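Asker: My questions will all concern the structure given below.
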Amino acid sequence: MLVAATLLWMWFATSCGGGAGKAPVTAGDTITTHARLLTVVRGDGYTYAEVRSPWSDSVPLGRYTIVDSGSDADALPGTTLIRRPLRRSVVFASVHTAPIAELGSLDGIAAVADGQYFTPGDTIAGLLASGRIADVGSSMSPSLEKVIDLEPDAVLLSPYENGNAGGLDRAGAPIIYMADYLEADALSRAEWLLLLGELYGRTAEADSMYAATVAAYESLKARVADVERRPTVFTEKPYSGVWYVPGGRSYAAGMLADAGARYVWADDESSGSLPLDEAAVIDRAADADYWLIKAAVDTKPGTLAAELPHARAFRAFPGGVYYCNTVKRPFFNAVAFHPERVLADYVRIFHPEVMDGDTTLQFFTPLK
């Protein structure tokens, strides 16, 4: 039986002479408005989701027909059928387990990857310790046997260019490619919450959460839209001799601009990370007002100076340095699906005068 009594879709290829890469025509409401790599259409008795590739315009990463459990609906042509709510999913990244938990669907997660990296305060860490949730090993080389034994109803996986699913396609479960991290701006990335809501049967909760995120983010952005002073900022520190900074078209750089700052690599055209040496960073950022660092440890002026002998070459050191201990603070989870929380920290640092006395930082700590 088809999703509806009448044909709500047909191949573009039929009407336009296109190839197999064309998407099916769907009847319904497109609910995604920001995301560049995701389209979600709600139809009558089904949801169509398409995940596009940033590396190829012709071949999508995945197309899915999502229907309620117990429905006798067929998949749209050229799509994978997903029955919701997911009850035994394998989720490879903590940035996705966090919003799934917030949606109230932790019981839909059967396993995760990289279990050792979930911090002690994370709910997933407790469920791993109790055996309620399994660990399928490294996200780069998961145990296919463990995944098969779990009989999952779906695997949520972040795609990589020239990468593959690590043989997970042999597990027999649909692979849902979560390409949110490849979006160009913060709200586009956060909009992938709507797909999670569809998959776990929490559409109303996801709609509400995302609407609140957009409203809070836009409100913070508006507070600094007309500020006259825009301080300069750079980020991170070198690892193994390489200093990776966000490209000027990355969502990280966009958030700094939205917070009323001038990112010193704003003129760069790349959306990924720039691998630089220390001399190149000093040349560009020596006179910057602020220096934001994310690391897995607490940072002090003495330890930073010992680790980076040229730290004093930056005018921001030490008074303009703020660090985030990513083991203690869930920065990466928040920046993915609650960018408004990270943006609030940025605005408190760069423009505390617009925050009505609210200067409490949630993620960053001043270096002292």
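Chain labels run A, B, ... following the order of the structure tokens; each chain numbers its residues from 1, and ligands are numbered from 1 in the order shown.
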Please identify which residues in range 188-294 of chain A DSSP calls strand (DSSP E) from the backbone, and express them as JSON, numbers by chain.

Answerer: {"A": [232, 233, 234, 235, 243, 244, 245, 246, 262, 263, 273, 274, 275, 276, 290, 291, 292, 293, 294]}

Asker: With C-alpha atoms retained, could you export that selection as a short mmCIF file (atom, residue, chain, number, x, y, z; two decimals), in the first residue's frame?

Answerer:
```cif
data_model
loop_
_atom_site.label_atom_id
_atom_site.label_comp_id
_atom_site.auth_asym_id
_atom_site.auth_seq_id
_atom_site.Cartn_x
_atom_site.Cartn_y
_atom_site.Cartn_z
CA THR A 232 39.01 41.44 17.50
CA VAL A 233 39.29 37.77 18.46
CA PHE A 234 41.18 34.59 17.59
CA THR A 235 40.84 31.07 18.92
CA TRP A 243 47.44 25.59 15.13
CA TYR A 244 44.00 24.79 13.74
CA VAL A 245 41.76 27.84 13.50
CA PRO A 246 38.24 28.06 12.04
CA ARG A 262 35.67 40.74 14.41
CA TYR A 263 37.33 37.41 13.78
CA SER A 273 39.78 24.48 9.70
CA LEU A 274 42.99 26.21 8.68
CA PRO A 275 46.19 24.38 9.72
CA LEU A 276 48.72 27.10 10.55
CA TYR A 290 40.51 38.37 22.86
CA TRP A 291 41.82 34.82 22.67
CA LEU A 292 39.38 31.95 23.18
CA ILE A 293 40.75 28.47 23.93
CA LYS A 294 39.00 25.11 24.13
#
```

Asker: Which neighbours of Leu343 in chain A fall inside 8 Å, counting only C-alpha atoms, when residues of the same chain fewer than 6 positions from it are skipped, and could you give them as an MDAnalysis selection string?

Answerer: chainID A and resid 217 220 255:256 258:259

Asker: Keeping only C-alpha atoms, write the selected residues to a file as an mmCIF file, in the first residue's frame.

Answerer:
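Once everything was written out, this is again_16.cif:
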```
data_model
loop_
_atom_site.group_PDB
_atom_site.id
_atom_site.type_symbol
_atom_site.label_atom_id
_atom_site.label_comp_id
_atom_site.auth_asym_id
_atom_site.auth_seq_id
_atom_site.Cartn_x
_atom_site.Cartn_y
_atom_site.Cartn_z
ATOM 1 C CA TYR A 217 19.811 33.242 19.181
ATOM 2 C CA LEU A 220 21.154 37.898 21.310
ATOM 3 C CA MET A 255 29.017 32.844 15.636
ATOM 4 C CA LEU A 256 31.841 35.200 16.590
ATOM 5 C CA ASP A 258 26.961 37.246 15.437
ATOM 6 C CA ALA A 259 28.323 38.018 18.921
#
```

Asker: Taking the backbone alone, and naming residues the way the document does, which bits of range 147-310 of chain A are alpha helix (DSSP H) by DSSP, as JSON, numbers by chain?

Answerer: {"A": [147, 148, 149, 150, 186, 187, 188, 189, 190, 193, 194, 195, 196, 197, 198, 199, 203, 204, 205, 206, 207, 208, 209, 210, 211, 212, 213, 214, 215, 216, 217, 218, 219, 220, 221, 222, 223, 251, 252, 253, 254, 255, 256, 257, 258, 278, 279, 280, 281, 282, 283, 284, 285, 301, 302, 303, 304, 305, 306, 307]}

Asker: Have a look at A:Ala285, A:Met355, A:Ala93, A:Leu127 and name the one nearest to Asp114 in chain A; count only C-alpha atoms.

Answerer: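 Checking each candidate against Asp114 in chain A, we get A:Ala93 as the closest.
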
Asker: Could you state the separation of CA of Phe118 in chain A and CA of Arg202 in chain A in Å, given to one decimal place?

Answerer: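 Computed distance, CA of Phe118 in chain A to CA of Arg202 in chain A, equals 24.1 Å.
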
Asker: Considering only C-alpha atoms, state which residue in the set A:Val354, A:Ala173, A:Met140, A:Leu103 is at the smallest distance from Val90 in chain A.

Answerer: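 Using only C-alpha atoms, the shortest distance to Val90 in chain A belongs to A:Ala173.
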
Asker: I'd like the neighbourhood of Ala110 in chain A as a PyMOL selection string, where a residue qualifies if any of its atoms comes within 8 Å (using only C-alpha atoms), though same-chain residues fewer than 3 positions away should be ignored.

Answerer: chain A and resi 87-90+107+132-134+150+152

Asker: Could the residues in this selection be saved with C-alpha atoms as an mmCIF file, in the first residue's frame?

Answerer:
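Output file selection31.cif follows:
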```cif
data_model
loop_
_atom_site.group_PDB
_atom_site.id
_atom_site.type_symbol
_atom_site.label_atom_id
_atom_site.label_comp_id
_atom_site.auth_asym_id
_atom_site.auth_seq_id
_atom_site.Cartn_x
_atom_site.Cartn_y
_atom_site.Cartn_z
ATOM 1 C CA ARG A 87 13.698 1.901 19.736
ATOM 2 C CA ARG A 88 17.114 0.293 19.253
ATOM 3 C CA SER A 89 19.278 2.866 17.538
ATOM 4 C CA VAL A 90 23.074 2.974 17.569
ATOM 5 C CA ASP A 107 15.139 4.617 25.764
ATOM 6 C CA ARG A 132 21.748 -0.338 29.939
ATOM 7 C CA ILE A 133 23.523 0.984 26.837
ATOM 8 C CA ALA A 134 26.254 -0.902 24.963
ATOM 9 C CA LEU A 150 22.096 -5.565 18.838
ATOM 10 C CA PRO A 152 19.369 -2.031 15.671
#
```

Asker: Taking 4 positions as the minimum chain separation for residues in the same chain, which residues sit within 6 Å of Arg52 in chain A when counting only C-alpha atoms? Answer as JSON, numbers by chain.

Answerer: {"A": [37, 60, 61]}
